[in-house]
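File shown here: structure.cif, holding mmCIF, C-alpha atoms; chains and numbers go by the auth columns.
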```
data_upload
#
loop_
_atom_site.group_PDB
_atom_site.id
_atom_site.type_symbol
_atom_site.label_atom_id
_atom_site.label_comp_id
_atom_site.label_asym_id
_atom_site.label_seq_id
_atom_site.Cartn_x
_atom_site.Cartn_y
_atom_site.Cartn_z
_atom_site.B_iso_or_equiv
_atom_site.auth_seq_id
_atom_site.auth_asym_id
ATOM 1 C CA GLU A 1 15.333 -0.404 11.735 0.00 583 A
ATOM 2 C CA LEU A 2 16.943 2.099 9.364 0.00 584 A
ATOM 3 C CA LEU A 3 19.085 -0.582 7.759 0.00 585 A
ATOM 4 C CA ALA A 4 15.997 -2.715 7.143 0.00 586 A
ATOM 5 C CA HIS A 5 13.829 0.132 5.799 0.00 587 A
ATOM 6 C CA LEU A 6 16.549 1.374 3.469 0.00 588 A
ATOM 7 C CA ALA A 7 17.507 -2.137 2.287 0.00 589 A
ATOM 8 C CA LEU A 8 21.000 -1.891 3.780 0.00 590 A
ATOM 9 C CA THR A 9 20.950 -4.944 6.070 0.00 591 A
ATOM 10 C CA GLU A 10 23.152 -7.010 3.754 0.00 592 A
ATOM 11 C CA LYS A 11 25.706 -4.190 3.608 0.00 593 A
ATOM 12 C CA ALA A 12 25.774 -3.442 7.349 0.00 594 A
ATOM 13 C CA ASN A 13 29.447 -4.408 7.725 0.00 595 A
ATOM 14 C CA ALA A 14 30.669 -3.172 4.336 0.00 596 A
ATOM 15 C CA ASN A 15 33.175 -0.359 3.983 0.00 597 A
ATOM 16 C CA MET A 16 31.633 2.772 2.388 0.00 598 A
ATOM 17 C CA ARG A 17 34.285 2.670 -0.360 0.00 599 A
ATOM 18 C CA GLN A 18 32.949 -0.712 -1.472 0.00 600 A
ATOM 19 C CA LEU A 19 29.372 0.520 -1.918 0.00 601 A
ATOM 20 C CA SER A 20 27.727 1.666 -5.136 0.00 602 A
ATOM 21 C CA GLY A 21 26.576 5.262 -5.500 0.00 603 A
ATOM 22 C CA GLY A 22 22.992 4.296 -4.687 0.00 604 A
ATOM 23 C CA MET A 23 24.048 2.372 -1.586 0.00 605 A
ATOM 24 C CA LYS A 24 26.176 5.310 -0.412 0.00 606 A
ATOM 25 C CA ARG A 25 23.126 7.551 -0.798 0.00 607 A
ATOM 26 C CA ARG A 26 21.114 5.124 1.370 0.00 608 A
ATOM 27 C CA VAL A 27 23.823 5.192 4.053 0.00 609 A
ATOM 28 C CA LEU A 28 23.820 9.002 4.041 0.00 610 A
ATOM 29 C CA VAL A 29 20.042 9.031 4.496 0.00 611 A
ATOM 30 C CA ALA A 30 20.335 6.501 7.345 0.00 612 A
ATOM 31 C CA GLN A 31 23.034 8.612 9.039 0.00 613 A
ATOM 32 C CA ALA A 32 20.804 11.680 8.844 0.00 614 A
ATOM 33 C CA LEU A 33 17.855 9.817 10.375 0.00 615 A
ATOM 34 C CA VAL A 34 19.579 7.781 13.084 0.00 616 A
ATOM 35 C CA HIS A 35 18.861 10.332 15.842 0.00 617 A
ATOM 36 C CA LYS A 36 15.150 10.570 14.844 0.00 618 A
ATOM 37 C CA PRO A 37 15.052 14.287 14.021 0.00 619 A
ATOM 38 C CA PRO A 38 11.654 16.050 14.117 0.00 620 A
ATOM 39 C CA VAL A 39 12.548 17.909 10.882 0.00 621 A
ATOM 40 C CA ILE A 40 14.254 16.135 8.003 0.00 622 A
ATOM 41 C CA VAL A 41 15.861 18.151 5.193 0.00 623 A
ATOM 42 C CA LEU A 42 16.381 16.187 1.989 0.00 624 A
ATOM 43 C CA ASP A 43 18.312 17.890 -0.803 0.00 625 A
ATOM 44 C CA GLU A 44 17.738 16.073 -4.115 0.00 626 A
ATOM 45 C CA PRO A 45 17.687 12.661 -2.385 0.00 627 A
ATOM 46 C CA THR A 46 16.771 10.709 -5.513 0.00 628 A
ATOM 47 C CA ALA A 47 19.087 12.390 -8.008 0.00 629 A
ATOM 48 C CA GLY A 48 20.929 9.671 -9.890 0.00 630 A
ATOM 49 C CA VAL A 49 19.451 6.738 -7.979 0.00 631 A
ATOM 50 C CA ASP A 50 17.733 3.669 -9.353 0.00 632 A
ATOM 51 C CA VAL A 51 13.981 3.117 -9.363 0.00 633 A
ATOM 52 C CA GLU A 52 14.106 0.595 -6.511 0.00 634 A
ATOM 53 C CA LEU A 53 15.908 2.996 -4.180 0.00 635 A
ATOM 54 C CA ARG A 54 13.592 5.848 -5.143 0.00 636 A
ATOM 55 C CA GLN A 55 10.525 3.781 -4.257 0.00 637 A
ATOM 56 C CA THR A 56 12.075 2.438 -1.046 0.00 638 A
ATOM 57 C CA LEU A 57 13.116 5.899 0.060 0.00 639 A
ATOM 58 C CA TRP A 58 9.742 7.515 -0.649 0.00 640 A
ATOM 59 C CA HIS A 59 7.861 4.727 1.115 0.00 641 A
ATOM 60 C CA PHE A 60 10.040 5.220 4.191 0.00 642 A
ATOM 61 C CA ILE A 61 9.832 9.026 4.065 0.00 643 A
ATOM 62 C CA ARG A 62 6.015 8.852 3.825 0.00 644 A
ATOM 63 C CA ARG A 63 6.028 6.656 6.917 0.00 645 A
ATOM 64 C CA LEU A 64 8.215 9.119 8.831 0.00 646 A
ATOM 65 C CA ASN A 65 5.909 11.959 7.819 0.00 647 A
ATOM 66 C CA ALA A 66 2.827 9.975 8.918 0.00 648 A
ATOM 67 C CA GLU A 67 4.547 9.511 12.292 0.00 649 A
ATOM 68 C CA GLY A 68 4.676 13.295 12.678 0.00 650 A
ATOM 69 C CA ARG A 69 8.061 14.280 11.263 0.00 651 A
ATOM 70 C CA THR A 70 8.296 17.309 9.006 0.00 652 A
ATOM 71 C CA ILE A 71 10.046 16.697 5.694 0.00 653 A
ATOM 72 C CA LEU A 72 11.633 19.551 3.733 0.00 654 A
ATOM 73 C CA LEU A 73 12.428 18.351 0.224 0.00 655 A
ATOM 74 C CA THR A 74 14.346 20.163 -2.495 0.00 656 A
ATOM 75 C CA THR A 75 13.947 18.591 -5.911 0.00 657 A
ATOM 76 C CA HIS A 76 13.843 19.217 -9.613 0.00 658 A
ATOM 77 C CA TYR A 77 11.586 16.181 -10.020 0.00 659 A
ATOM 78 C CA LEU A 78 8.230 17.951 -10.019 0.00 660 A
ATOM 79 C CA GLU A 79 6.264 14.720 -10.337 0.00 661 A
ATOM 80 C CA GLU A 80 7.779 13.508 -7.058 0.00 662 A
ATOM 81 C CA ALA A 81 7.063 16.822 -5.365 0.00 663 A
ATOM 82 C CA GLN A 82 3.452 16.680 -6.554 0.00 664 A
ATOM 83 C CA GLN A 83 2.998 13.166 -5.162 0.00 665 A
ATOM 84 C CA LEU A 84 4.816 13.682 -1.873 0.00 666 A
ATOM 85 C CA CYS A 85 4.380 17.276 -0.749 0.00 667 A
ATOM 86 C CA SER A 86 1.375 18.939 0.832 0.00 668 A
ATOM 87 C CA ARG A 87 2.945 22.405 0.382 0.00 669 A
ATOM 88 C CA ILE A 88 5.181 23.658 -2.407 0.00 670 A
ATOM 89 C CA ALA A 89 7.489 26.649 -2.710 0.00 671 A
ATOM 90 C CA MET A 90 8.893 27.507 -6.144 0.00 672 A
ATOM 91 C CA LEU A 91 12.031 29.562 -6.554 0.00 673 A
ATOM 92 C CA LYS A 92 13.203 31.742 -9.417 0.00 674 A
ATOM 93 C CA GLN A 93 16.679 33.262 -9.202 0.00 675 A
ATOM 94 C CA GLY A 94 16.779 32.537 -5.483 0.00 676 A
ATOM 95 C CA ARG A 95 13.426 34.153 -4.702 0.00 677 A
ATOM 96 C CA ILE A 96 10.180 32.460 -3.772 0.00 678 A
ATOM 97 C CA VAL A 97 7.668 33.150 -6.557 0.00 679 A
ATOM 98 C CA ALA A 98 4.936 30.832 -5.275 0.00 680 A
ATOM 99 C CA MET A 99 4.218 29.073 -2.007 0.00 681 A
ATOM 100 C CA ASP A 100 0.959 27.344 -1.265 0.00 682 A
ATOM 101 C CA THR A 101 -0.641 23.957 -0.884 0.00 683 A
ATOM 102 C CA THR A 102 0.013 21.621 -3.775 0.00 684 A
ATOM 103 C CA GLU A 103 -3.718 21.358 -4.394 0.00 685 A
ATOM 104 C CA HIS A 104 -4.182 25.133 -4.590 0.00 686 A
ATOM 105 C CA LEU A 105 -1.206 25.647 -6.909 0.00 687 A
ATOM 106 C CA LEU A 106 -2.555 22.975 -9.236 0.00 688 A
ATOM 107 C CA SER A 107 -6.053 24.443 -9.317 0.00 689 A
ATOM 108 C CA ALA A 108 -4.891 28.066 -9.645 0.00 690 A
ATOM 109 C CA PHE A 109 -2.205 27.716 -12.303 0.00 691 A
ATOM 110 C CA SER A 110 -2.979 24.573 -14.253 0.00 692 A
ATOM 111 C CA GLU A 111 -5.921 22.921 -15.911 0.00 693 A
ATOM 112 C CA ARG A 112 -7.285 19.597 -17.000 0.00 694 A
ATOM 113 C CA VAL A 113 -7.170 18.939 -20.717 0.00 695 A
ATOM 114 C CA LEU A 114 -8.720 16.601 -23.244 0.00 696 A
ATOM 115 C CA ARG A 115 -6.449 15.627 -26.121 0.00 697 A
ATOM 116 C CA ILE A 116 -7.886 13.957 -29.175 0.00 698 A
ATOM 117 C CA LYS A 117 -6.172 12.547 -32.225 0.00 699 A
ATOM 118 C CA THR A 118 -8.068 12.811 -35.468 0.00 700 A
ATOM 119 C CA GLY A 119 -7.439 11.593 -38.982 0.00 701 A
ATOM 120 C CA ALA A 120 -9.075 14.642 -40.603 0.00 702 A
ATOM 121 C CA SER A 121 -9.155 18.410 -40.189 0.00 703 A
ATOM 122 C CA LEU A 122 -11.539 19.917 -37.642 0.00 704 A
ATOM 123 C CA PRO A 123 -14.634 21.923 -38.570 0.00 705 A
ATOM 124 C CA ASP A 124 -14.101 25.668 -38.055 0.00 706 A
ATOM 125 C CA HIS A 125 -16.392 25.953 -35.015 0.00 707 A
ATOM 126 C CA VAL A 126 -14.508 23.082 -33.359 0.00 708 A
ATOM 127 C CA ALA A 127 -11.070 24.417 -34.353 0.00 709 A
ATOM 128 C CA GLY A 128 -11.977 27.692 -32.654 0.00 710 A
ATOM 129 C CA GLU A 129 -12.221 25.858 -29.319 0.00 711 A
ATOM 130 C CA VAL A 130 -8.810 24.167 -29.611 0.00 712 A
ATOM 131 C CA LYS A 131 -6.274 25.316 -27.052 0.00 713 A
ATOM 132 C CA LYS A 132 -3.315 23.802 -28.909 0.00 714 A
ATOM 133 C CA SER A 133 -2.749 21.607 -31.968 0.00 715 A
ATOM 134 C CA GLU A 134 0.266 19.415 -32.629 0.00 716 A
ATOM 135 C CA GLY A 135 -0.125 17.518 -35.871 0.00 717 A
ATOM 136 C CA ALA A 136 -3.167 15.270 -35.569 0.00 718 A
ATOM 137 C CA TRP A 137 -3.480 15.923 -31.816 0.00 719 A
ATOM 138 C CA HIS A 138 -5.788 18.707 -30.584 0.00 720 A
ATOM 139 C CA THR A 139 -6.043 19.897 -26.985 0.00 721 A
ATOM 140 C CA PHE A 140 -9.186 21.281 -25.343 0.00 722 A
ATOM 141 C CA ALA A 141 -9.323 22.838 -21.864 0.00 723 A
ATOM 142 C CA LEU A 142 -11.640 21.212 -19.325 0.00 724 A
ATOM 143 C CA HIS A 143 -13.047 22.823 -16.202 0.00 725 A
ATOM 144 C CA ASP A 144 -13.525 19.460 -14.507 0.00 726 A
ATOM 145 C CA THR A 145 -13.550 15.782 -15.368 0.00 727 A
ATOM 146 C CA GLY A 146 -17.349 15.810 -15.599 0.00 728 A
ATOM 147 C CA GLU A 147 -16.991 17.860 -18.771 0.00 729 A
ATOM 148 C CA VAL A 148 -15.210 15.029 -20.656 0.00 730 A
ATOM 149 C CA GLU A 149 -18.420 13.266 -21.642 0.00 731 A
ATOM 150 C CA SER A 150 -20.181 16.399 -22.880 0.00 732 A
ATOM 151 C CA ARG A 151 -17.065 17.521 -24.799 0.00 733 A
ATOM 152 C CA LEU A 152 -16.795 14.124 -26.525 0.00 734 A
ATOM 153 C CA ARG A 153 -20.517 14.196 -27.377 0.00 735 A
ATOM 154 C CA TRP A 154 -20.101 17.723 -28.819 0.00 736 A
ATOM 155 C CA LEU A 155 -17.163 16.523 -30.968 0.00 737 A
ATOM 156 C CA ARG A 156 -19.098 13.467 -32.178 0.00 738 A
ATOM 157 C CA GLU A 157 -22.124 15.654 -33.089 0.00 739 A
ATOM 158 C CA ALA A 158 -19.758 17.942 -35.020 0.00 740 A
ATOM 159 C CA GLY A 159 -18.651 14.950 -37.080 0.00 741 A
ATOM 160 C CA VAL A 160 -15.215 14.635 -35.500 0.00 742 A
ATOM 161 C CA THR A 161 -13.917 11.086 -35.206 0.00 743 A
ATOM 162 C CA ALA A 162 -11.274 10.602 -32.528 0.00 744 A
ATOM 163 C CA THR A 163 -8.769 7.824 -33.182 0.00 745 A
ATOM 164 C CA ALA A 164 -7.260 8.270 -29.700 0.00 746 A
ATOM 165 C CA ILE A 165 -8.099 10.303 -26.598 0.00 747 A
ATOM 166 C CA GLU A 166 -6.246 11.353 -23.448 0.00 748 A
ATOM 167 C CA VAL A 167 -7.477 13.192 -20.378 0.00 749 A
ATOM 168 C CA SER A 168 -4.729 14.828 -18.365 0.00 750 A
ATOM 169 C CA GLU A 169 -4.932 16.163 -14.849 0.00 751 A
ATOM 170 C CA PRO A 170 -3.069 19.332 -13.894 0.00 752 A
ATOM 171 C CA ASP A 171 0.563 18.882 -12.943 0.00 753 A
ATOM 172 C CA LEU A 172 3.275 20.902 -11.251 0.00 754 A
ATOM 173 C CA GLU A 173 5.279 21.110 -14.459 0.00 755 A
ATOM 174 C CA ASP A 174 2.500 23.243 -15.998 0.00 756 A
ATOM 175 C CA VAL A 175 2.410 25.394 -12.864 0.00 757 A
ATOM 176 C CA PHE A 176 6.192 25.795 -12.864 0.00 758 A
ATOM 177 C CA VAL A 177 6.353 26.819 -16.533 0.00 759 A
ATOM 178 C CA LYS A 178 3.571 29.389 -16.104 0.00 760 A
ATOM 179 C CA LEU A 179 5.158 30.885 -13.001 0.00 761 A
ATOM 180 C CA MET A 180 8.637 31.057 -14.495 0.00 762 A
ATOM 181 C CA ARG A 181 7.345 32.850 -17.593 0.00 763 A
ATOM 182 C CA LYS A 182 5.769 35.602 -15.483 0.00 764 A
#
```
As structure tokens, the full file:
Amino acid sequence: ELLAHLALTEKANANMRQLSGGMKRRVLVAQALVHKPPVIVLDEPTAGVDVELRQTLWHFIRRLNAEGRTILLTTHYLEEAQQLCSRIAMLKQGRIVAMDTTEHLLSAFSERVLRIKTGASLPDHVAGEVKKSEGAWHTFALHDTGEVESRLRWLREAGVTATAIEVSEPDLEDVFVKLMRK
């Protein structure tokens, strides 16, 4: 079962020395899981692996978690942690500086934003609402996604023409940067 789920079936009889780095990583994961542990500790399991292995591994790990196993993951890939983890602990110089549900960390330390690209300068009353400007791109904070429409209407009524727009949800990278600066 492990060989099949980790795409190792074709390499079942191969010597470890003959395997690529990614294949060796798969074998190590399989060895750790063969006795069906109730708690699985994964230390940077996707560091230096290809996209296919990353997706295969996360699909399998999600399945194990759904079956009731606890997964403890250490990673520098905050996007993966955000997608996979229900609780997050962040460390700074070996000390926990935040530990909570992923959802709560995102809502407490990060925000949604609307970014617009314009071809002209912004009127003063609009510029006063800008959180950050980078060249032609201007960022506005949003309380929730329902505010996007009213913010765009406000910009249009102020005579601002957007040549491109982006709405971004909060992410763990924002949370991490804010916490590490404290």
When the PyMOL selection byres ((chain A and resi 629-633) around 12) is applied to the structure above, which residues does it catch, written out as a PDB file with C-alpha atoms, in the frame of the given file?
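The resulting file, expr.pdb, is shown below:
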```
ATOM      1  CA  SER A 602      27.727   1.666  -5.136  1.00  0.00           C
ATOM      2  CA  GLY A 603      26.576   5.262  -5.500  1.00  0.00           C
ATOM      3  CA  GLY A 604      22.992   4.296  -4.687  1.00  0.00           C
ATOM      4  CA  MET A 605      24.048   2.372  -1.586  1.00  0.00           C
ATOM      5  CA  LYS A 606      26.176   5.310  -0.412  1.00  0.00           C
ATOM      6  CA  ARG A 607      23.126   7.551  -0.798  1.00  0.00           C
ATOM      7  CA  ARG A 608      21.114   5.124   1.370  1.00  0.00           C
ATOM      8  CA  LEU A 624      16.381  16.187   1.989  1.00  0.00           C
ATOM      9  CA  ASP A 625      18.312  17.890  -0.803  1.00  0.00           C
ATOM     10  CA  GLU A 626      17.738  16.073  -4.115  1.00  0.00           C
ATOM     11  CA  PRO A 627      17.687  12.661  -2.385  1.00  0.00           C
ATOM     12  CA  THR A 628      16.771  10.709  -5.513  1.00  0.00           C
ATOM     13  CA  GLU A 634      14.106   0.595  -6.511  1.00  0.00           C
ATOM     14  CA  LEU A 635      15.908   2.996  -4.180  1.00  0.00           C
ATOM     15  CA  ARG A 636      13.592   5.848  -5.143  1.00  0.00           C
ATOM     16  CA  GLN A 637      10.525   3.781  -4.257  1.00  0.00           C
ATOM     17  CA  THR A 638      12.075   2.438  -1.046  1.00  0.00           C
ATOM     18  CA  LEU A 639      13.116   5.899   0.060  1.00  0.00           C
ATOM     19  CA  TRP A 640       9.742   7.515  -0.649  1.00  0.00           C
ATOM     20  CA  THR A 656      14.346  20.163  -2.495  1.00  0.00           C
ATOM     21  CA  THR A 657      13.947  18.591  -5.911  1.00  0.00           C
ATOM     22  CA  HIS A 658      13.843  19.217  -9.613  1.00  0.00           C
ATOM     23  CA  TYR A 659      11.586  16.181 -10.020  1.00  0.00           C
ATOM     24  CA  GLU A 662       7.779  13.508  -7.058  1.00  0.00           C
TER      25      GLU A 662
END
```
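Atom CA of Phe642 of chain A is found 16.6 Å from atom CA of Ser668 of chain A.
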Self-check item: Hits of the PyMOL selection byres ((chain A and resi 667) around 9) in this structure, as number ranges by chain
Solution: A: 653-655, 662-666, 668-670, 683-684
Write out, as a PDB file, in the coordinates of the input, the residues just selected, with C-alpha atoms.
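Result written to selection-v6.pdb:
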```pdb
ATOM      1  CA  ILE A 653      10.046  16.697   5.694  1.00  0.00           C
ATOM      2  CA  LEU A 654      11.633  19.551   3.733  1.00  0.00           C
ATOM      3  CA  LEU A 655      12.428  18.351   0.224  1.00  0.00           C
ATOM      4  CA  GLU A 662       7.779  13.508  -7.058  1.00  0.00           C
ATOM      5  CA  ALA A 663       7.063  16.822  -5.365  1.00  0.00           C
ATOM      6  CA  GLN A 664       3.452  16.680  -6.554  1.00  0.00           C
ATOM      7  CA  GLN A 665       2.998  13.166  -5.162  1.00  0.00           C
ATOM      8  CA  LEU A 666       4.816  13.682  -1.873  1.00  0.00           C
ATOM      9  CA  SER A 668       1.375  18.939   0.832  1.00  0.00           C
ATOM     10  CA  ARG A 669       2.945  22.405   0.382  1.00  0.00           C
ATOM     11  CA  ILE A 670       5.181  23.658  -2.407  1.00  0.00           C
ATOM     12  CA  THR A 683      -0.641  23.957  -0.884  1.00  0.00           C
ATOM     13  CA  THR A 684       0.013  21.621  -3.775  1.00  0.00           C
TER      14      THR A 684
END
```
Exercise. Kindly resolve the PyMOL selection byres ((chain A and resi 702) around 12) on the present coordinates and return the residues as a PyMOL selection string.
Key: chain A and resi 698-701+703-705+709+717-720+741-745
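When the distance limit is 9 Å and only C-alpha atoms are what count, the residues near Thr652 of chain A, minus those fewer than 3 positions from it on the same chain, are Pro619, Pro620, Val621, Ile622, Val623, Leu646 and Asn647 of chain A.
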Quiz item: Which residue gives the smallest distance to Glu748 of chain A among A:Leu696, A:Leu601, A:Val609, A:Val712, with only C-alpha atoms counted?
Solution: A:Leu696
Exercise. Counting only C-alpha atoms, figure out which residue out of A:Leu660, A:Leu615, A:Val708, A:Ser732 gets nearest to Ile643 of chain A.
Key: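 Of the candidates, the smallest distance to Ile643 of chain A is held by A:Leu615.
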Quiz item: Which of these, A:His587, A:His707, A:Gln675, A:Ala648, has the shortest distance to Glu739 of chain A once you count all atoms listed in the file?
Solution: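 Closest to Glu739 of chain A, using all atoms listed in the file: A:His707.
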Exercise. Tell me, in Å to one decimal, how far atom CA of Ile678 of chain A is from atom CA of Arg651 of chain A.
Key: 23.7 Å
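Among the candidates A:Leu754, A:Leu590, A:Leu734, A:Ala723, the residue lying nearest to Leu687 of chain A is A:Leu754 (atoms considered: only C-alpha atoms).
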Test item: axis-aligned box, all listed atoms of segment 667-672 of chain A, 8 Å on each side, centre and edges in Å rounded to one decimal, as lines of an AutoDock Vina configuration file:
```
center_x = 5.1
center_y = 22.4
center_z = -2.7
size_x = 23.5
size_y = 26.2
size_z = 23.0
```
